[in-house]
Each structure stands twice: as structure tokens, then as C-alpha cells.
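Peer 1: This structure is in C-alpha cells; I'll ask about it shortly.
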Amino acid sequence: MTFKRLFEPMRLGKQEARNRIWMTAHATLLVKDHLFTDAHIAYYVERAKGGVGVITMEAMAAHPTTQPYKGKAFAFDRRMVEQYRKIADAVHAHGAKILAQPWHRGRQTNSVSNGLPVWAPSAVPCAVYREMPHVMDEGEIAELVHGYRLSARYAREGGLDGIEMHGMAHGYMLGQFLSPATNHRTDRYGGSIENRLRIVMEILEATREEAGPDLIVGVRLNSDDGMEGGLGPDEWADIARRIEATGLIDYVSCSQGTYLNRMLIYPTSPETHGYQLPATRIVKRAIGLPVVGVGRIVTPEEGERFLAEGDCDFIGVSRALIADPMWGEKARTGRSHQVRRCVGANWCMESIFAQAPIACIHNPAAGNERELGEGTLAPASARRRVAVVGGGPAGLQAAVTAARRGFDVTLFEKRDALGGQIAWWGRTAIRKELNFVVEFLVARLGETDARVELGRAPTADELDAFDAVIVATGSTPLRHGWTPLRPQRWNGPSVPGADRANVFALDDVLATETLPALGRTVTLYDSLGGRQGAVVADHLADKGHKVTFVTPLGQAMPNLAASRDWGKVYGRLRRMGVGFVTDHELVSVGPDGATLRDLYTKAEQILAGDSVVLVLGSKAEDGLFQTLKARAKPGRPVTMIGDCVAPRRASDAIREGELAARALFA
């Protein structure tokens, strides 16, 4: 495709963006002492090198009362000026514009990190944080306006290209003032739309006064709140029209959702690509300013199409650029087929939830640009023979990177196809986008001279012919029926009946195109609380089975809170007819069902069913590595990576594959 519109320049006030690719703001947790760092510089520079036209940096607190976690930048702190100068100089060297984004969460936070009360226009608690907020008085409103003023002043002094005023989108503070659902005030900041807009207008006036006429000033607002009693597209279009009429702004950036439905903000797969744009188009038609559109825009081809259809003037992307910072440059140079696509796994969100820096399920360089970014791969000093055993995500990544370094690579895979457990998951309707993790790695491997031997499990003797071996033999799902509640029985006899013909494990269900003979009713027993049980339950229900999801945990799939899609997945399963039984352990399996025991009352019940599927974790297959380790030779590295070290996540496997290949003879 020729990306005529994507790479067309566009005016933003008195400045010009080199193209229509806009990196929208997202948290990184690379902040230290409330300041941006050298890691931030590397992170933004990588995307500037990758062809982005405009970068909006992550949301920065405009006041001390908005601090959801310690790793949050303070836009109102004068110390930011020096950091801005470093970032601006570095980004400008690669042709991109860069903007600050001051914001306030309002009620959508808590007081844990800073010990300060939560501020909001009215005493309406957030459905996620559930902390009763302090109702701001007019003096505190003026204090917040001043915080935005300082934020704009320091952005200008720091050499940034502009300021994007945030807080109207995603149900944050200014959106709380605007929405009748959350603004119950009776003073001059509540009631009519003019009153509810008053704080927005005051902040805009302060921002433009500090920015001056030459800097870009824009706003981030919703095109649809997506909640009962919230603001819809027509109301947001009216708000955008009123703001444009002030003459104070140069563009509008649209998003959707509040914390009542966070899957409108950053949805996991599956979700229609471009799902927000119908509402964005309504805002765009109401105003004459450039509009940034977002909403699971994954490929440059999609971006070009949405621009051609008039949905927006800039393509806003975040997760797509976390996955591949070279997104734009690959499109510009005719290599869009090489883009590492975002697969909607929300591992980026899970990392932030764990208070770890930004990460991606299949881009190990995300957040580690200085060590692993573009141009950091050192060539091999000599062409040595390297064997990689195992063609899952860990082995594939290791083989790709080792071959790119110039080693003579042979990849062995005992099955007849590459991809490992990622390929299993890709067979399901709910996670089919994960197929691209495998497709991307296989395509990159095909661009090298590496050899692939399928249906081959090499012996230790065969591997003696290689100068280095990377072992990525993966793991095998457990079938014994025990959970961590019974550690003393983990390596003992299985749960009675776990060896029956009507008991299955994760690989039985996902590793082949055709399901085994499960019968109509299936009991899924999940002790992990993560994505595995959700995917298996969804797959079985999608194939027409009546599924009962049983777990010893107090809640099914609690780990999905980290990726923010627990409600989405749980609701989908409920609508598919899946039933749930919590706080119960498996006692035994019979021909017609499973016996369960309540963890707290100890009462037992028989759950009738044709079969039982166990999701209990996996056993590391490290036998080959232990054999090779026992016969190790000096100067011949043998490394194990991925699930054969410990069964974990795809992101761990891919990162370890990258690091192991970089470490070879380094």
C-alpha cells in the first residue's frame, strides 16, 4: 500500500507535524523521584526514530493530589524543565514534535500513595477505587487551575512543542466536572453546561497564556463516556465546538470510556479495530480543527484507511508503538509487512499494575531501549554453530536473534509446527490475535539463513556437534489434580480418578485442531486464576459445550484484574452460559462427575458432568538441559530459557530468548 495520507504533513497551529502518526500518552513507570529519566529519553527517541510525527508524553500530575502510584511525573515541579530540555533536544533531532500532558484523575484514584484526600467536584466515589472523595471548594479549584498553569509554563521553558490538556477524557477530573453523572454542584461550577465548563475554560486560558501564541495547545476529551448518565457523542461534539470557539486550542484528541468501563479505553483482544472512530467522526464533523482518532488501530494499512474515510486527521497509537516503535518507518519504506503488531494482550498494562516499567508481550526492547533497542545488536565475532532446541516463543526468538547476529543456527522442534503453547492459544476465538506472535517470529526467521528441523528431538550426542546450545524445551501441563492448597501431595499419588479417560489437561484441549471426545457437559477445574482457565472455558463454550468453571479461589480468574479485562472476560463467559463455582477443591473424579469440597464448610457435593479439564500449571521439561549440563565442555555455552526454566509467561520466554542469543560468545 502507498501511504499517501499517513505521511502527509499537517498544520497544528503555527507548527507543522511531518506526518499523521501521533503517539498518544501512556504510562511507562520509568519515572524516578517524579521526574523523567534517561530511560524516558531513550523510549521517546526510539519512537521518533521510528517515524512518529507527534509524541504526547505520559500523563503528568498537575497537582499533588493526583498520584495513583509513586512513579508519576509532576508537571507542576520546576525541576521538570531540565528534563524536558533533554527530551526535547533528543526527539527534535529525529524530526518529531513532543508535548506535555498535565492531568488530574479526580475521583478515579485513592490516597494510598500520597496520603492526601482524593479531590473531586462532588462526593461520588469511583467504582474501581471506591474511596469517598473530598468535595473541592473554589479555592481548591483555583489551586488546580494554577497547577495546570505551572505545567504549561514549565513545558514552554523546557523547549517542548506544546501542551495537551488532559482530564476531560477517561472520566478524569475535568470530565467529572463536565458530566451531570458526577457533578452535583450547585455553585458556579455546576448545573448548566456553561458552569460545568467553567473550570475547563479557566485552565485553557491559563494554558494558552503561558504557552504563548507559537506553542501547540490541544485537549484530550472523550467522544463517548459509554456509561449510563454520562456524556454521549453529540454532547461531546457540542463541548468540542464550544472549546474551539475560544480560539485557544489547535487540535482535539478523542478517546472513550471511564473507569466504569475501562475496556473502552484500552481493550484487550478481541475488539474491533477502530471501534472508537464512529463516535470520533461525530466530534470531527462538529469542528474545523484537526482531530486525533484512536481505538485499537494496529497496522499502518488500517491507519491509512481510517484517514481516507475521513474518520480523523491523525492516527493515534500507543500499544502499537509499544509493540513496534518502527511502525511508521517500516510503513514509509515499504516494510509494513514487517511490523510487529500489537496483539491486544495488555501485558503493557499488567507490567504497570505490578509496578514494573512498561513492557510488551513480544517486544523485549519495550522500556529497555538503551540495552535492546534498534541498532544495539552486536554482530558475532565468528560464525559458530548454534543449536536451539524447541520452537516455541523462547526458541524462535533465540533463533531469530542468533541468526541476525551472524551465527549458523539450527532450530529443532519435536512437533510438526512451530509456535509452542502460543500457537495453541491462537486456535481460540478469544485469543486468535496471538497467532501473530508466532507469525512474526517465523517470518523474521525466514529472512535469515537459519535451518529449521521439524519433528526432531535431537539427542545430547547429536548436539555435541554444535558450539553452543540454547535449550527451550518448554513445559507439560499437569494432570495430578492437586492445587497449591495441598503442597504435601504435589509429587504423590494423583487425586482419585485423575487418571480416568474422561479427565483432560490443557494440551488435550488446545494443542490440536480437533477437540477430544469431552461429552456435552464439562467441568473446568482451574487453580491458577489467570488467563489459561478463561481461554479454555471460552474455547469449550464456543464449541458448544456446557461448561462449569470450578476454582478453589474466592473469585474466578482474579489475575485478569491486572490486564483490566476481568469484567469483560467474565461477562463474556456468563453470556456464553458458563457457570461458576468458587471456594471448592477437587476431591475425586468418577465416570459421571466430580466430587468437590467447600474449603470453608468442608461440605461435599457431586457436580455431574461428562468430563473434567484440569488447568493446574505445568512441569518444566528440563531433562535435556540437565543432561547437557552434566557433560558440559569448557567454552561451549549451554543455556536454558523459557518454560523449561520455570513455566511462566510468553513475555518471559521471548525476553529470555533475546537475552540468551545476545549473550552468546559476547
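Residue names in the C-alpha cells use chain letters A, B, ... in the order shown, residue numbers from 1 in each chain, and ligand numbers from 1 in the order shown.
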Give me every strand (DSSP E) residue in stretch 303-403 of chain A, going by DSSP on the backbone, as a PDB file with C-alpha atoms, in the first residue's frame.

Peer 2:
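In the end it all went to out.pdb:
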```
ATOM      1  CA  PHE A 314      -4.228  11.972  12.828  1.00  0.00           C
ATOM      2  CA  ILE A 315      -3.886   8.295  13.673  1.00  0.00           C
ATOM      3  CA  GLY A 316      -3.344   7.975  17.415  1.00  0.00           C
ATOM      4  CA  VAL A 317      -1.488   4.861  18.533  1.00  0.00           C
ATOM      5  CA  ARG A 385      27.291 -23.311  15.020  1.00  0.00           C
ATOM      6  CA  VAL A 386      24.360 -22.752  17.401  1.00  0.00           C
ATOM      7  CA  ALA A 387      21.572 -25.241  18.132  1.00  0.00           C
ATOM      8  CA  VAL A 388      18.249 -24.056  19.522  1.00  0.00           C
ATOM      9  CA  VAL A 389      16.091 -26.904  20.822  1.00  0.00           C
TER      10      VAL A 389
END
```

Peer 1: Might you pull out every residue within 10 Å of A:Leu411, with only C-alpha atoms counted and same-chain residues fewer than 2 positions away left off, and present them as a list in words?

Peer 2: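 Answer for this query is Val386, Ala387, Val388, Val389, Gly390, Gly391, Gly395, Leu396, Ala398, Ala399, Val400, Val409, Glu413, Leu418, Leu445, Ala450, Arg451, Val452, Glu453, Leu454, Arg456 and Ile470 of chain A.
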
Peer 1: Output C-alpha atoms for every residue in the selection just made, as a compact mmCIF listing (two decimals), in the first residue's frame.

Peer 2:
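Dumped everything to part.txt:
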```
# COMPACT_ATOMS: atom_id res chain seq x y z
CA VAL A 386 24.36 -22.75 17.40
CA ALA A 387 21.57 -25.24 18.13
CA VAL A 388 18.25 -24.06 19.52
CA VAL A 389 16.09 -26.90 20.82
CA GLY A 390 12.41 -26.03 20.96
CA GLY A 391 10.33 -23.95 18.55
CA GLY A 395 13.29 -20.81 20.96
CA LEU A 396 12.01 -18.83 18.00
CA ALA A 398 16.60 -17.01 20.34
CA ALA A 399 16.99 -18.43 16.83
CA VAL A 400 16.00 -15.16 15.15
CA VAL A 409 21.68 -21.56 13.56
CA GLU A 413 11.22 -28.70 17.14
CA LEU A 418 6.40 -24.02 15.31
CA LEU A 445 13.40 -16.39 10.98
CA ALA A 450 18.76 -20.44 9.87
CA ARG A 451 17.68 -24.04 9.31
CA VAL A 452 14.51 -25.46 10.88
CA GLU A 453 14.09 -29.18 11.54
CA LEU A 454 10.53 -30.11 12.48
CA ARG A 456 13.02 -33.71 15.54
CA ILE A 470 20.09 -23.00 23.75
```

Peer 1: Using only C-alpha atoms, which residues sit within 8 Å of A:Ala88 once same-chain residues fewer than 5 positions away are excluded, as an MDAnalysis selection string?

Peer 2: chainID A and resid 98 158:160

Peer 1: Might you pull out every residue within 8 Å of A:Met326, with only C-alpha atoms counted and same-chain residues fewer than 5 positions away left off, and present them as a list in words?

Peer 2: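 So the residues in contact are Glu46, Arg47, Lys49, Gly50, Gly51, Leu321 and Val339 of chain A.
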
Peer 1: Could you take the residues named above and write them with N, CA and C atoms, as an mmCIF file, in the first residue's frame?

Peer 2:
```
data_model
loop_
_atom_site.group_PDB
_atom_site.id
_atom_site.type_symbol
_atom_site.label_atom_id
_atom_site.label_comp_id
_atom_site.auth_asym_id
_atom_site.auth_seq_id
_atom_site.Cartn_x
_atom_site.Cartn_y
_atom_site.Cartn_z
ATOM 1 N N GLU A 46 13.301 6.462 20.514
ATOM 2 C CA GLU A 46 13.107 5.273 19.681
ATOM 3 C C GLU A 46 11.868 5.427 18.799
ATOM 4 N N ARG A 47 10.799 5.989 19.345
ATOM 5 C CA ARG A 47 9.580 6.174 18.556
ATOM 6 C C ARG A 47 9.738 7.323 17.559
ATOM 7 N N LYS A 49 12.615 8.091 16.086
ATOM 8 C CA LYS A 49 13.391 7.454 15.016
ATOM 9 C C LYS A 49 12.509 6.563 14.158
ATOM 10 N N GLY A 50 11.495 5.991 14.780
ATOM 11 C CA GLY A 50 10.612 5.071 14.074
ATOM 12 C C GLY A 50 9.567 5.737 13.210
ATOM 13 N N GLY A 51 9.590 7.077 13.126
ATOM 14 C CA GLY A 51 8.744 7.757 12.167
ATOM 15 C C GLY A 51 7.524 8.448 12.710
ATOM 16 N N LEU A 321 2.771 1.172 19.121
ATOM 17 C CA LEU A 321 4.148 1.678 19.154
ATOM 18 C C LEU A 321 4.946 1.101 20.311
ATOM 19 N N VAL A 339 5.932 -5.150 10.406
ATOM 20 C CA VAL A 339 5.521 -4.535 11.669
ATOM 21 C C VAL A 339 5.178 -5.625 12.680
#
```

Peer 1: For a quick check of understanding, using only C-alpha atoms, which of A:Glu439, A:Glu350, A:Pro637, A:Arg319 has the smallest distance to A:Leu560?

Peer 2: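 Using only C-alpha atoms, A:Leu560 sits closest to A:Glu350.
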
Peer 1: Using only C-alpha atoms, which residues sit within 10 Å of A:Arg648 once same-chain residues fewer than 6 positions away are excluded, as a PyMOL selection string?

Peer 2: chain A and resi 474-475+617-618+620+642

Peer 1: Output C-alpha atoms of each residue in that selection to a file, as a JSON list (two decimals), in the first residue's frame.

Peer 2:
```
[["chain", "number", "residue", "atom", "x", "y", "z"],
["A", 474, "GLY", "CA", 9.08, -25.88, 27.28],
["A", 475, "SER", "CA", 6.74, -27.49, 29.78],
["A", 617, "GLY", "CA", 0.02, -25.26, 35.77],
["A", 618, "SER", "CA", 2.84, -27.14, 34.09],
["A", 620, "ALA", "CA", 9.29, -27.73, 33.34],
["A", 642, "GLY", "CA", 11.51, -20.08, 28.79]]
```

Peer 1: Which residue, A:Leu528, A:Ala142, A:Leu628, A:Ile430, has the smallest gap to A:Leu553 when you use only C-alpha atoms?

Peer 2: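 When distances to A:Leu553 are compared using only C-alpha atoms, the smallest one comes from A:Leu528.
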
Peer 1: Please list as a PDB file with C-alpha atoms, in the first residue's frame every residue within 7 Å of A:Val124, counting only C-alpha atoms and excluding residues in the same chain fewer than 4 positions away.

Peer 2:
```
ATOM      1  CA  MET A 132     -15.051   8.768  49.141  1.00  0.00           C
ATOM      2  CA  PRO A 133     -13.611  11.995  47.694  1.00  0.00           C
ATOM      3  CA  THR A 182     -20.539  13.128  38.626  1.00  0.00           C
TER       4      THR A 182
END
```

Peer 1: Excluding stretch 599-602 of chain A and its own-chain neighbours fewer than 3 positions away, which residues fall within 7 Å of it when counting only C-alpha atoms? Please give them as a PyMOL selection string.

Peer 2: chain A and resi 583-585

Peer 1: Restrict the calculation to only C-alpha atoms, then for each residue of stretch 314-393 of chain A with any atom at most 8 Å from an atom of stretch 253-272 of chain A give the closest atom pair and their distance in Å to one decimal, rows by chain and rising residue number, as a Markdown table.

Peer 2:
```
| residue | atom | partner | partner_atom | distance |
| --- | --- | --- | --- | --- |
| A:Val343 | CA | A:Ser269 | CA | 6.9 |
| A:Gly344 | CA | A:Thr268 | CA | 4.6 |
| A:Ala345 | CA | A:Thr268 | CA | 5.7 |
| A:Asn346 | CA | A:Thr268 | CA | 6.1 |
```

Peer 1: Which one of A:Arg85, A:Ala661, A:Gln555, A:Val91 sits closest to A:Ala378 if you count only C-alpha atoms?

Peer 2: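 Distance minimum relative to A:Ala378 lands on A:Ala661.
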
Peer 1: Quick one: contact table of stretch 92-132 of chain A to stretch 215-226 of chain A, 10 Å max, nearest atom pair and distance in Å to one decimal per residue, counting only C-alpha atoms, chain and number order, as CSV?

Peer 2:
```
residue,atom,partner,partner_atom,distance
A:Lys97,CA,A:Ile216,CA,9.6
A:Ile98,CA,A:Ile216,CA,9.7
A:Leu99,CA,A:Ile216,CA,8.1
A:Ala100,CA,A:Val217,CA,9.7
A:Gln101,CA,A:Arg220,CA,9.0
A:Trp103,CA,A:Arg220,CA,9.8
```

Peer 1: Limited to N, CA and C atoms, could you put the picked residues into a file as a compact mmCIF listing (two decimals), in the first residue's frame?

Peer 2:
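This is the output file out_35.txt:
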```
# COMPACT_ATOMS: atom_id res chain seq x y z
N LYS A 97 7.57 16.13 16.87
CA LYS A 97 7.10 17.09 17.86
C LYS A 97 6.82 16.34 19.16
N ILE A 98 6.97 17.06 20.30
CA ILE A 98 6.72 16.40 21.58
C ILE A 98 5.99 17.35 22.52
N LEU A 99 4.94 16.80 23.18
CA LEU A 99 4.04 17.60 24.00
C LEU A 99 3.96 17.06 25.41
N ALA A 100 3.73 17.96 26.36
CA ALA A 100 3.43 17.57 27.74
C ALA A 100 1.94 17.29 27.86
N GLN A 101 1.58 16.48 28.87
CA GLN A 101 0.15 16.20 29.10
C GLN A 101 -0.18 16.31 30.59
N TRP A 103 -2.52 16.54 33.83
CA TRP A 103 -3.84 15.93 34.05
C TRP A 103 -4.09 15.75 35.53
```
